[in-house]
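One file, data-v6.tsv, is given below (TSV, N, CA and C atoms).
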```tsv
chain	number	residue	atom	x	y	z
A	8	ILE	N	38.94	76.49	15.12
A	8	ILE	CA	37.88	75.83	15.83
A	8	ILE	C	38.31	75.47	17.25
A	9	HIS	N	39.35	76.10	17.71
A	9	HIS	CA	39.86	75.84	19.05
A	9	HIS	C	38.83	76.24	20.10
A	10	GLN	N	38.58	75.36	21.04
A	10	GLN	CA	37.72	75.65	22.17
A	10	GLN	C	38.57	75.62	23.43
A	11	GLU	N	38.22	76.45	24.39
A	11	GLU	CA	38.91	76.45	25.67
A	11	GLU	C	38.80	75.06	26.29
A	12	GLY	N	39.90	74.47	26.65
A	12	GLY	CA	39.89	73.16	27.29
A	12	GLY	C	39.73	72.00	26.31
A	13	CYS	N	39.62	72.29	25.02
A	13	CYS	CA	39.43	71.21	24.05
A	13	CYS	C	40.21	71.55	22.78
A	14	PRO	N	41.54	71.51	22.87
A	14	PRO	CA	42.32	71.86	21.68
A	14	PRO	C	42.10	70.87	20.55
A	15	ARG	N	42.27	71.37	19.33
A	15	ARG	CA	42.04	70.54	18.14
A	15	ARG	C	42.84	69.25	18.18
A	16	GLN	N	44.04	69.29	18.72
A	16	GLN	CA	44.89	68.10	18.70
A	16	GLN	C	44.25	66.95	19.47
A	17	ASN	N	43.34	67.23	20.40
A	17	ASN	CA	42.70	66.18	21.19
A	17	ASN	C	41.41	65.69	20.55
A	18	MET	N	41.00	66.28	19.44
A	18	MET	CA	39.79	65.84	18.77
A	18	MET	C	40.12	64.60	17.93
A	19	THR	N	39.31	63.57	18.08
A	19	THR	CA	39.61	62.32	17.40
A	19	THR	C	38.47	61.83	16.52
A	20	THR	N	37.33	62.53	16.50
A	20	THR	CA	36.20	62.10	15.67
A	20	THR	C	35.65	63.28	14.88
A	21	PRO	N	35.05	63.00	13.73
A	21	PRO	CA	34.38	64.07	13.00
A	21	PRO	C	33.31	64.77	13.84
A	22	ALA	N	32.60	64.01	14.68
A	22	ALA	CA	31.55	64.61	15.52
A	22	ALA	C	32.12	65.70	16.41
A	23	GLN	N	33.30	65.49	16.98
A	23	GLN	CA	33.92	66.50	17.83
A	23	GLN	C	34.28	67.75	17.02
A	24	ILE	N	34.76	67.56	15.83
A	24	ILE	CA	35.13	68.69	14.98
A	24	ILE	C	33.88	69.45	14.54
A	25	PHE	N	32.83	68.72	14.15
A	25	PHE	CA	31.59	69.41	13.77
A	25	PHE	C	30.98	70.16	14.94
A	26	LYS	N	31.11	69.64	16.15
A	26	LYS	CA	30.61	70.35	17.34
A	26	LYS	C	31.38	71.64	17.53
A	27	ALA	N	32.70	71.59	17.35
A	27	ALA	CA	33.51	72.80	17.48
A	27	ALA	C	33.13	73.82	16.40
A	28	LEU	N	32.89	73.34	15.17
A	28	LEU	CA	32.44	74.23	14.10
A	28	LEU	C	31.08	74.83	14.43
A	29	GLU	N	30.19	74.01	14.98
A	29	GLU	CA	28.87	74.49	15.37
A	29	GLU	C	28.98	75.60	16.41
A	30	ASP	N	29.85	75.42	17.38
A	30	ASP	CA	30.07	76.43	18.41
A	30	ASP	C	30.61	77.73	17.79
A	31	ARG	N	31.51	77.59	16.85
A	31	ARG	CA	32.08	78.77	16.19
A	31	ARG	C	31.01	79.50	15.38
A	32	VAL	N	30.18	78.76	14.67
A	32	VAL	CA	29.10	79.38	13.90
A	32	VAL	C	28.11	80.06	14.85
A	33	ALA	N	27.83	79.44	15.98
A	33	ALA	CA	26.89	80.03	16.95
A	33	ALA	C	27.41	81.37	17.48
A	34	SER	N	28.72	81.46	17.69
A	34	SER	CA	29.27	82.68	18.27
A	34	SER	C	29.70	83.72	17.23
A	35	GLN	N	30.02	83.28	16.01
A	35	GLN	CA	30.56	84.21	15.00
A	35	GLN	C	29.88	84.07	13.65
A	36	GLY	N	28.69	83.47	13.61
A	36	GLY	CA	28.03	83.14	12.36
A	36	GLY	C	27.84	84.29	11.40
A	37	ALA	N	27.32	85.41	11.88
A	37	ALA	CA	27.05	86.54	10.99
A	37	ALA	C	28.34	87.03	10.33
A	38	GLN	N	29.42	87.09	11.09
A	38	GLN	CA	30.71	87.52	10.54
A	38	GLN	C	31.24	86.50	9.53
A	39	LEU	N	31.09	85.21	9.84
A	39	LEU	CA	31.56	84.17	8.93
A	39	LEU	C	30.77	84.19	7.62
A	40	VAL	N	29.46	84.43	7.70
A	40	VAL	CA	28.64	84.52	6.49
A	40	VAL	C	29.13	85.69	5.63
A	41	LYS	N	29.44	86.79	6.29
A	41	LYS	CA	29.93	87.98	5.57
A	41	LYS	C	31.28	87.69	4.90
A	42	GLU	N	32.17	87.01	5.60
A	42	GLU	CA	33.51	86.73	5.08
A	42	GLU	C	33.52	85.64	4.01
A	43	ILE	N	32.78	84.58	4.23
A	43	ILE	CA	32.91	83.38	3.39
A	43	ILE	C	31.83	83.32	2.31
A	44	ASN	N	30.58	83.57	2.67
A	44	ASN	CA	29.48	83.63	1.71
A	44	ASN	C	29.43	82.38	0.82
A	45	GLY	N	29.36	81.21	1.45
A	45	GLY	CA	29.30	79.98	0.67
A	45	GLY	C	28.82	78.80	1.49
A	46	VAL	N	28.61	77.68	0.79
A	46	VAL	CA	28.13	76.46	1.42
A	46	VAL	C	29.16	75.35	1.22
A	47	PHE	N	29.54	74.72	2.31
A	47	PHE	CA	30.45	73.58	2.29
A	47	PHE	C	29.66	72.32	2.59
A	48	ILE	N	29.83	71.31	1.77
A	48	ILE	CA	29.19	70.03	2.00
A	48	ILE	C	30.30	69.02	2.25
A	49	PHE	N	30.31	68.47	3.45
A	49	PHE	CA	31.30	67.45	3.80
A	49	PHE	C	30.63	66.09	3.71
A	50	VAL	N	31.20	65.21	2.91
A	50	VAL	CA	30.72	63.83	2.84
A	50	VAL	C	31.78	62.98	3.54
A	51	ILE	N	31.44	62.53	4.74
A	51	ILE	CA	32.37	61.75	5.56
A	51	ILE	C	32.09	60.28	5.28
A	52	GLU	N	33.14	59.56	4.89
A	52	GLU	CA	32.99	58.15	4.55
A	52	GLU	C	33.60	57.29	5.64
A	53	GLY	N	32.84	56.30	6.10
A	53	GLY	CA	33.33	55.36	7.09
A	53	GLY	C	33.19	55.87	8.51
A	54	GLY	N	33.12	54.94	9.43
A	54	GLY	CA	33.06	55.29	10.84
A	54	GLY	C	31.66	55.66	11.31
A	55	ALA	N	31.55	55.89	12.60
A	55	ALA	CA	30.26	56.18	13.23
A	55	ALA	C	29.66	57.50	12.78
A	56	ASP	N	30.49	58.42	12.30
A	56	ASP	CA	30.01	59.74	11.90
A	56	ASP	C	29.82	59.89	10.39
A	57	ALA	N	29.77	58.77	9.68
A	57	ALA	CA	29.61	58.82	8.22
A	57	ALA	C	28.31	59.53	7.86
A	58	GLY	N	28.36	60.27	6.75
A	58	GLY	CA	27.17	60.97	6.28
A	58	GLY	C	27.52	62.30	5.68
A	59	SER	N	26.49	63.06	5.32
A	59	SER	CA	26.66	64.38	4.72
A	59	SER	C	26.37	65.45	5.76
A	60	TYR	N	27.25	66.44	5.82
A	60	TYR	CA	27.12	67.57	6.73
A	60	TYR	C	27.15	68.84	5.88
A	61	VAL	N	26.19	69.73	6.09
A	61	VAL	CA	26.11	70.97	5.33
A	61	VAL	C	26.47	72.12	6.26
A	62	LEU	N	27.54	72.82	5.93
A	62	LEU	CA	27.97	74.02	6.63
A	62	LEU	C	27.57	75.20	5.76
A	63	ASP	N	26.47	75.83	6.12
A	63	ASP	CA	25.91	76.94	5.33
A	63	ASP	C	26.40	78.26	5.90
A	64	LEU	N	27.34	78.86	5.20
A	64	LEU	CA	27.85	80.18	5.58
A	64	LEU	C	27.48	81.18	4.49
A	65	LYS	N	26.25	81.01	3.98
A	65	LYS	CA	25.74	81.88	2.94
A	65	LYS	C	24.47	82.58	3.37
A	66	THR	N	23.67	81.95	4.23
A	66	THR	CA	22.38	82.51	4.60
A	66	THR	C	22.28	82.75	6.10
A	67	GLY	N	21.54	83.79	6.45
A	67	GLY	CA	21.30	84.10	7.86
A	67	GLY	C	22.58	84.28	8.65
A	68	SER	N	22.63	83.61	9.79
A	68	SER	CA	23.82	83.66	10.65
A	68	SER	C	24.62	82.37	10.55
A	69	GLY	N	24.37	81.60	9.49
A	69	GLY	CA	25.10	80.36	9.28
A	69	GLY	C	24.50	79.21	10.05
A	70	SER	N	24.82	77.99	9.61
A	70	SER	CA	24.34	76.80	10.30
A	70	SER	C	25.19	75.61	9.86
A	71	ILE	N	25.15	74.57	10.66
A	71	ILE	CA	25.78	73.31	10.30
A	71	ILE	C	24.85	72.20	10.74
A	72	LYS	N	24.56	71.28	9.80
A	72	LYS	CA	23.61	70.21	10.09
A	72	LYS	C	24.05	68.94	9.37
A	73	LYS	N	23.71	67.80	9.96
A	73	LYS	CA	23.94	66.51	9.31
A	73	LYS	C	22.68	66.20	8.52
A	74	VAL	N	22.68	66.60	7.26
A	74	VAL	CA	21.53	66.41	6.37
A	74	VAL	C	22.03	66.23	4.95
A	75	ALA	N	21.15	65.72	4.10
A	75	ALA	CA	21.48	65.67	2.67
A	75	ALA	C	21.39	67.09	2.12
A	76	PRO	N	22.34	67.49	1.30
A	76	PRO	CA	22.30	68.84	0.75
A	76	PRO	C	21.16	68.99	-0.26
A	77	THR	N	20.65	70.22	-0.38
A	77	THR	CA	19.67	70.51	-1.42
A	77	THR	C	20.41	70.65	-2.74
A	78	SER	N	19.69	70.58	-3.84
A	78	SER	CA	20.35	70.73	-5.14
A	78	SER	C	20.96	72.12	-5.28
A	79	SER	N	20.32	73.14	-4.72
A	79	SER	CA	20.88	74.49	-4.77
A	79	SER	C	22.20	74.57	-4.01
A	80	GLN	N	22.27	73.94	-2.84
A	80	GLN	CA	23.50	73.93	-2.07
A	80	GLN	C	24.60	73.20	-2.83
A	81	SER	N	24.26	72.07	-3.44
A	81	SER	CA	25.26	71.31	-4.19
A	81	SER	C	25.74	72.09	-5.41
A	82	ASP	N	24.83	72.76	-6.09
A	82	ASP	CA	25.18	73.49	-7.31
A	82	ASP	C	26.02	74.73	-7.03
A	83	ASN	N	25.83	75.36	-5.88
A	83	ASN	CA	26.50	76.63	-5.60
A	83	ASN	C	27.60	76.54	-4.55
A	84	GLY	N	27.80	75.38	-3.98
A	84	GLY	CA	28.81	75.24	-2.94
A	84	GLY	C	29.96	74.36	-3.40
A	85	VAL	N	30.68	73.85	-2.42
A	85	VAL	CA	31.76	72.91	-2.71
A	85	VAL	C	31.53	71.66	-1.87
A	86	THR	N	31.67	70.50	-2.50
A	86	THR	CA	31.52	69.23	-1.81
A	86	THR	C	32.91	68.65	-1.58
A	87	ILE	N	33.17	68.31	-0.32
A	87	ILE	CA	34.45	67.73	0.08
A	87	ILE	C	34.17	66.32	0.58
A	88	THR	N	34.66	65.33	-0.15
A	88	THR	CA	34.44	63.93	0.22
A	88	THR	C	35.76	63.37	0.76
A	89	VAL	N	35.70	62.81	1.96
A	89	VAL	CA	36.92	62.35	2.62
A	89	VAL	C	36.56	61.31	3.67
A	90	GLY	N	37.49	60.40	3.94
A	90	GLY	CA	37.30	59.42	5.00
A	90	GLY	C	37.33	60.08	6.37
A	91	ALA	N	36.69	59.45	7.33
A	91	ALA	CA	36.58	60.02	8.67
A	91	ALA	C	37.95	60.32	9.30
A	92	GLU	N	38.86	59.37	9.20
A	92	GLU	CA	40.17	59.56	9.83
A	92	GLU	C	40.96	60.68	9.14
A	93	ASP	N	40.90	60.73	7.81
A	93	ASP	CA	41.60	61.79	7.09
A	93	ASP	C	40.98	63.16	7.39
A	94	PHE	N	39.65	63.22	7.54
A	94	PHE	CA	38.98	64.46	7.90
A	94	PHE	C	39.51	64.98	9.23
A	95	VAL	N	39.58	64.10	10.20
A	95	VAL	CA	40.10	64.49	11.52
A	95	VAL	C	41.55	64.94	11.40
A	96	ASP	N	42.36	64.21	10.64
A	96	ASP	CA	43.77	64.56	10.49
A	96	ASP	C	43.95	65.94	9.84
A	97	VAL	N	43.11	66.28	8.87
A	97	VAL	CA	43.20	67.60	8.23
A	97	VAL	C	42.85	68.68	9.24
A	98	PHE	N	41.76	68.52	9.97
A	98	PHE	CA	41.31	69.55	10.89
A	98	PHE	C	42.19	69.66	12.14
A	99	THR	N	42.95	68.64	12.46
A	99	THR	CA	43.85	68.73	13.60
A	99	THR	C	45.27	69.09	13.17
A	100	GLY	N	45.45	69.31	11.88
A	100	GLY	CA	46.76	69.72	11.38
A	100	GLY	C	47.73	68.58	11.16
A	101	LYS	N	47.28	67.33	11.24
A	101	LYS	CA	48.17	66.19	11.05
A	101	LYS	C	48.34	65.79	9.59
A	102	ALA	N	47.42	66.25	8.73
A	102	ALA	CA	47.49	65.88	7.31
A	102	ALA	C	47.35	67.13	6.45
A	103	ASN	N	47.98	67.08	5.31
A	103	ASN	CA	47.91	68.16	4.34
A	103	ASN	C	46.81	67.83	3.34
A	104	PRO	N	45.79	68.70	3.22
A	104	PRO	CA	44.69	68.38	2.31
A	104	PRO	C	45.14	68.28	0.85
A	105	ASN	N	46.16	69.03	0.46
A	105	ASN	CA	46.66	68.93	-0.92
A	105	ASN	C	47.25	67.55	-1.19
A	106	ALA	N	47.96	67.01	-0.21
A	106	ALA	CA	48.53	65.67	-0.37
A	106	ALA	C	47.42	64.62	-0.42
A	107	LEU	N	46.39	64.79	0.41
A	107	LEU	CA	45.27	63.85	0.39
A	107	LEU	C	44.54	63.92	-0.96
A	108	TRP	N	44.38	65.13	-1.48
A	108	TRP	CA	43.73	65.30	-2.78
A	108	TRP	C	44.56	64.63	-3.87
A	109	ALA	N	45.87	64.86	-3.84
A	109	ALA	CA	46.76	64.29	-4.86
A	109	ALA	C	46.75	62.76	-4.83
A	110	SER	N	46.56	62.19	-3.64
A	110	SER	CA	46.56	60.73	-3.52
A	110	SER	C	45.15	60.14	-3.72
A	111	GLY	N	44.16	61.00	-3.95
A	111	GLY	CA	42.80	60.53	-4.17
A	111	GLY	C	42.00	60.26	-2.91
A	112	LYS	N	42.56	60.58	-1.76
A	112	LYS	CA	41.85	60.34	-0.50
A	112	LYS	C	40.88	61.46	-0.14
A	113	LEU	N	40.98	62.58	-0.84
A	113	LEU	CA	40.08	63.71	-0.63
A	113	LEU	C	39.64	64.19	-2.01
A	114	GLN	N	38.32	64.27	-2.21
A	114	GLN	CA	37.80	64.74	-3.49
A	114	GLN	C	37.07	66.05	-3.29
A	115	LEU	N	37.23	66.94	-4.26
A	115	LEU	CA	36.53	68.23	-4.27
A	115	LEU	C	35.66	68.29	-5.50
A	116	ASP	N	34.46	68.84	-5.33
A	116	ASP	CA	33.56	69.02	-6.46
A	116	ASP	C	32.81	70.33	-6.25
A	117	GLY	N	32.82	71.17	-7.26
A	117	GLY	CA	32.08	72.42	-7.15
A	117	GLY	C	33.01	73.62	-7.16
A	118	ASN	N	32.69	74.59	-6.32
A	118	ASN	CA	33.36	75.88	-6.29
A	118	ASN	C	34.73	75.78	-5.60
A	119	MET	N	35.77	75.67	-6.41
A	119	MET	CA	37.13	75.51	-5.86
A	119	MET	C	37.61	76.76	-5.12
A	120	ALA	N	37.21	77.94	-5.59
A	120	ALA	CA	37.59	79.17	-4.91
A	120	ALA	C	37.01	79.18	-3.49
A	121	LEU	N	35.81	78.67	-3.36
A	121	LEU	CA	35.19	78.58	-2.04
A	121	LEU	C	35.96	77.61	-1.15
A	122	ALA	N	36.43	76.52	-1.72
A	122	ALA	CA	37.20	75.54	-0.94
A	122	ALA	C	38.42	76.20	-0.29
A	123	MET	N	39.01	77.16	-1.00
A	123	MET	CA	40.19	77.84	-0.45
A	123	MET	C	39.84	78.72	0.75
A	124	LYS	N	38.58	79.15	0.85
A	124	LYS	CA	38.17	80.00	1.97
A	124	LYS	C	37.99	79.21	3.27
A	125	LEU	N	37.93	77.90	3.17
A	125	LEU	CA	37.71	77.10	4.36
A	125	LEU	C	38.85	77.27	5.36
A	126	GLY	N	40.05	77.55	4.88
A	126	GLY	CA	41.19	77.75	5.77
A	126	GLY	C	40.97	78.84	6.79
A	127	SER	N	40.25	79.91	6.41
A	127	SER	CA	40.00	80.98	7.35
A	127	SER	C	39.06	80.54	8.46
A	128	LEU	N	38.24	79.55	8.18
A	128	LEU	CA	37.30	79.05	9.18
A	128	LEU	C	37.99	78.13	10.18
A	129	THR	N	38.97	77.40	9.73
A	129	THR	CA	39.58	76.39	10.59
A	129	THR	C	40.68	76.94	11.49
A	130	SER	N	40.98	78.20	11.38
A	130	SER	CA	41.90	78.88	12.32
A	130	SER	C	43.16	78.12	12.62
A	131	GLY	N	43.98	77.94	11.61
A	131	GLY	CA	45.28	77.36	11.87
A	131	GLY	C	45.43	75.90	11.50
A	132	SER	N	44.34	75.20	11.21
A	132	SER	CA	44.52	73.84	10.72
A	132	SER	C	44.97	73.95	9.27
A	133	LYS	N	45.24	72.85	8.64
A	133	LYS	CA	45.81	72.90	7.29
A	133	LYS	C	44.77	72.88	6.19
A	134	LEU	N	43.48	72.88	6.52
A	134	LEU	CA	42.48	72.86	5.47
A	134	LEU	C	42.06	74.27	5.09
```
Give the structure from this file in structure tokens form.
Amino acid sequence: IHQEGCPRQNMTTPAQIFKALEDRVASQGAQLVKEINGVFIFVIEGGADAGSYVLDLKTGSGSIKKVAPTSSQSDNGVTITVGAEDFVDVFTGKANPNALWASGKLQLDGNMALAMKLGSLTSGSKL
């Protein structure tokens, strides 16, 4: 999710990371849909950016929106629940998602195989 002039290490809020993901989907959405073919639901807890974000890499050219997921998205995707600070730390490479999961700070529900595909989207972060 690296942007020119805005490296991941300087991102400090979920909103900044979602904007970078949005930019990546806008420029590479059709390819990402072909590669990933799934829906990620991020439930961010705490902070100004708390809420549900749906990253749809299953339909069309992909999209990312701050909305409640549909039942179809929840049933066929993977839901990742994590605190705002831990979310930022995972996407900036400061935290290991496996360690957060083991400590209960990150919860996964749904398609675990799909969760493993998220790493290809984050281009070098640890998620």
Practice problem: Have a look at A:Asp116, A:Ile24, A:Trp108, A:Thr77 and name the one nearest to Val61 in chain A; count only N, CA and C atoms. | Solution: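 Result for the nearest residue to Val61 in chain A: A:Thr77.
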Self-check item: Picked from chain A by DSSP as alpha helix (DSSP H), as a PyMOL selection string
Solution: chain A and resi 21-43+78-83+91-98+104-109+119-129
Exercise. Find the residue from A:Ala37, A:Met119, A:Val85, A:Ala22 that sits nearest to Gly58 in chain A; use only C-alpha atoms when measuring.
Key: A:Ala22
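Going from CA of Gly90 in chain A to CA of Glu52 in chain A covers 4.5 Å.
Take the candidates A:Asn83, A:Met18, A:Lys41, A:Ala91 and check each one against Gly54 in chain A using all atoms listed in the file; the shortest distance goes to A:Ala91.
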Self-check item: Near-Val40 in chain A list (6.5 Å; only N, CA and C atoms; drop same-chain fewer than 4 positions) as a list in words
Solution: Gln35, Gly36, Asn44, Gly45, Leu64, Lys65, Thr66, Gly67, Ser68 and Gly69 of chain A
For the selection you just gave me, I'd like the residues written to a file as a tab-separated table (two decimals), keeping the file's coordinate frame, keeping N, CA and C atoms.
```
chain	number	residue	atom	x	y	z
A	35	GLN	N	30.02	83.28	16.01
A	35	GLN	CA	30.56	84.21	15.00
A	35	GLN	C	29.88	84.07	13.65
A	36	GLY	N	28.69	83.47	13.61
A	36	GLY	CA	28.03	83.14	12.36
A	36	GLY	C	27.84	84.29	11.40
A	44	ASN	N	30.58	83.57	2.67
A	44	ASN	CA	29.48	83.63	1.71
A	44	ASN	C	29.43	82.38	0.82
A	45	GLY	N	29.36	81.21	1.45
A	45	GLY	CA	29.30	79.98	0.67
A	45	GLY	C	28.82	78.80	1.49
A	64	LEU	N	27.34	78.86	5.20
A	64	LEU	CA	27.85	80.18	5.58
A	64	LEU	C	27.48	81.18	4.49
A	65	LYS	N	26.25	81.01	3.98
A	65	LYS	CA	25.74	81.88	2.94
A	65	LYS	C	24.47	82.58	3.37
A	66	THR	N	23.67	81.95	4.23
A	66	THR	CA	22.38	82.51	4.60
A	66	THR	C	22.28	82.75	6.10
A	67	GLY	N	21.54	83.79	6.45
A	67	GLY	CA	21.30	84.10	7.86
A	67	GLY	C	22.58	84.28	8.65
A	68	SER	N	22.63	83.61	9.79
A	68	SER	CA	23.82	83.66	10.65
A	68	SER	C	24.62	82.37	10.55
A	69	GLY	N	24.37	81.60	9.49
A	69	GLY	CA	25.10	80.36	9.28
A	69	GLY	C	24.50	79.21	10.05
```
Exercise. Choose the residue, out of A:Val89, A:Phe47, A:Asp56, A:Gln23, that has the smallest atom-to-atom separation from Ser110 in chain A; count only C-alpha atoms.
Key: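 Among the listed residues, A:Val89 lies closest to Ser110 in chain A.
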Where atoms are lacking, range 42-54 of chain A completed to N, CA, C and O atoms, as a compact mmCIF listing (two decimals), in the coordinates of the input:
```txt
# COMPACT_ATOMS: atom_id res chain seq x y z
N GLU A 42 32.17 87.01 5.60
CA GLU A 42 33.51 86.73 5.08
C GLU A 42 33.52 85.64 4.01
O GLU A 42 34.22 85.75 3.01
N ILE A 43 32.78 84.58 4.23
CA ILE A 43 32.91 83.38 3.39
C ILE A 43 31.83 83.32 2.31
O ILE A 43 32.12 83.00 1.16
N ASN A 44 30.58 83.57 2.67
CA ASN A 44 29.48 83.63 1.71
C ASN A 44 29.43 82.38 0.82
O ASN A 44 29.47 82.47 -0.40
N GLY A 45 29.36 81.21 1.45
CA GLY A 45 29.30 79.98 0.67
C GLY A 45 28.82 78.80 1.49
O GLY A 45 28.65 78.88 2.70
N VAL A 46 28.61 77.68 0.79
CA VAL A 46 28.13 76.46 1.42
C VAL A 46 29.16 75.35 1.22
O VAL A 46 29.60 75.10 0.09
N PHE A 47 29.54 74.72 2.31
CA PHE A 47 30.45 73.58 2.29
C PHE A 47 29.66 72.32 2.59
O PHE A 47 28.91 72.28 3.56
N ILE A 48 29.83 71.31 1.77
CA ILE A 48 29.19 70.03 2.00
C ILE A 48 30.30 69.02 2.25
O ILE A 48 31.16 68.80 1.39
N PHE A 49 30.31 68.47 3.45
CA PHE A 49 31.30 67.45 3.80
C PHE A 49 30.63 66.09 3.71
O PHE A 49 29.61 65.86 4.36
N VAL A 50 31.20 65.21 2.91
CA VAL A 50 30.72 63.83 2.84
C VAL A 50 31.78 62.98 3.54
O VAL A 50 32.89 62.80 3.01
N ILE A 51 31.44 62.53 4.74
CA ILE A 51 32.37 61.75 5.56
C ILE A 51 32.09 60.28 5.28
O ILE A 51 30.96 59.82 5.43
N GLU A 52 33.14 59.56 4.89
CA GLU A 52 32.99 58.15 4.55
C GLU A 52 33.60 57.29 5.64
O GLU A 52 34.73 57.51 6.06
N GLY A 53 32.84 56.30 6.10
CA GLY A 53 33.33 55.36 7.09
C GLY A 53 33.19 55.87 8.51
O GLY A 53 33.12 57.06 8.76
N GLY A 54 33.12 54.94 9.43
CA GLY A 54 33.06 55.29 10.84
C GLY A 54 31.66 55.66 11.31
O GLY A 54 30.71 55.74 10.54
```
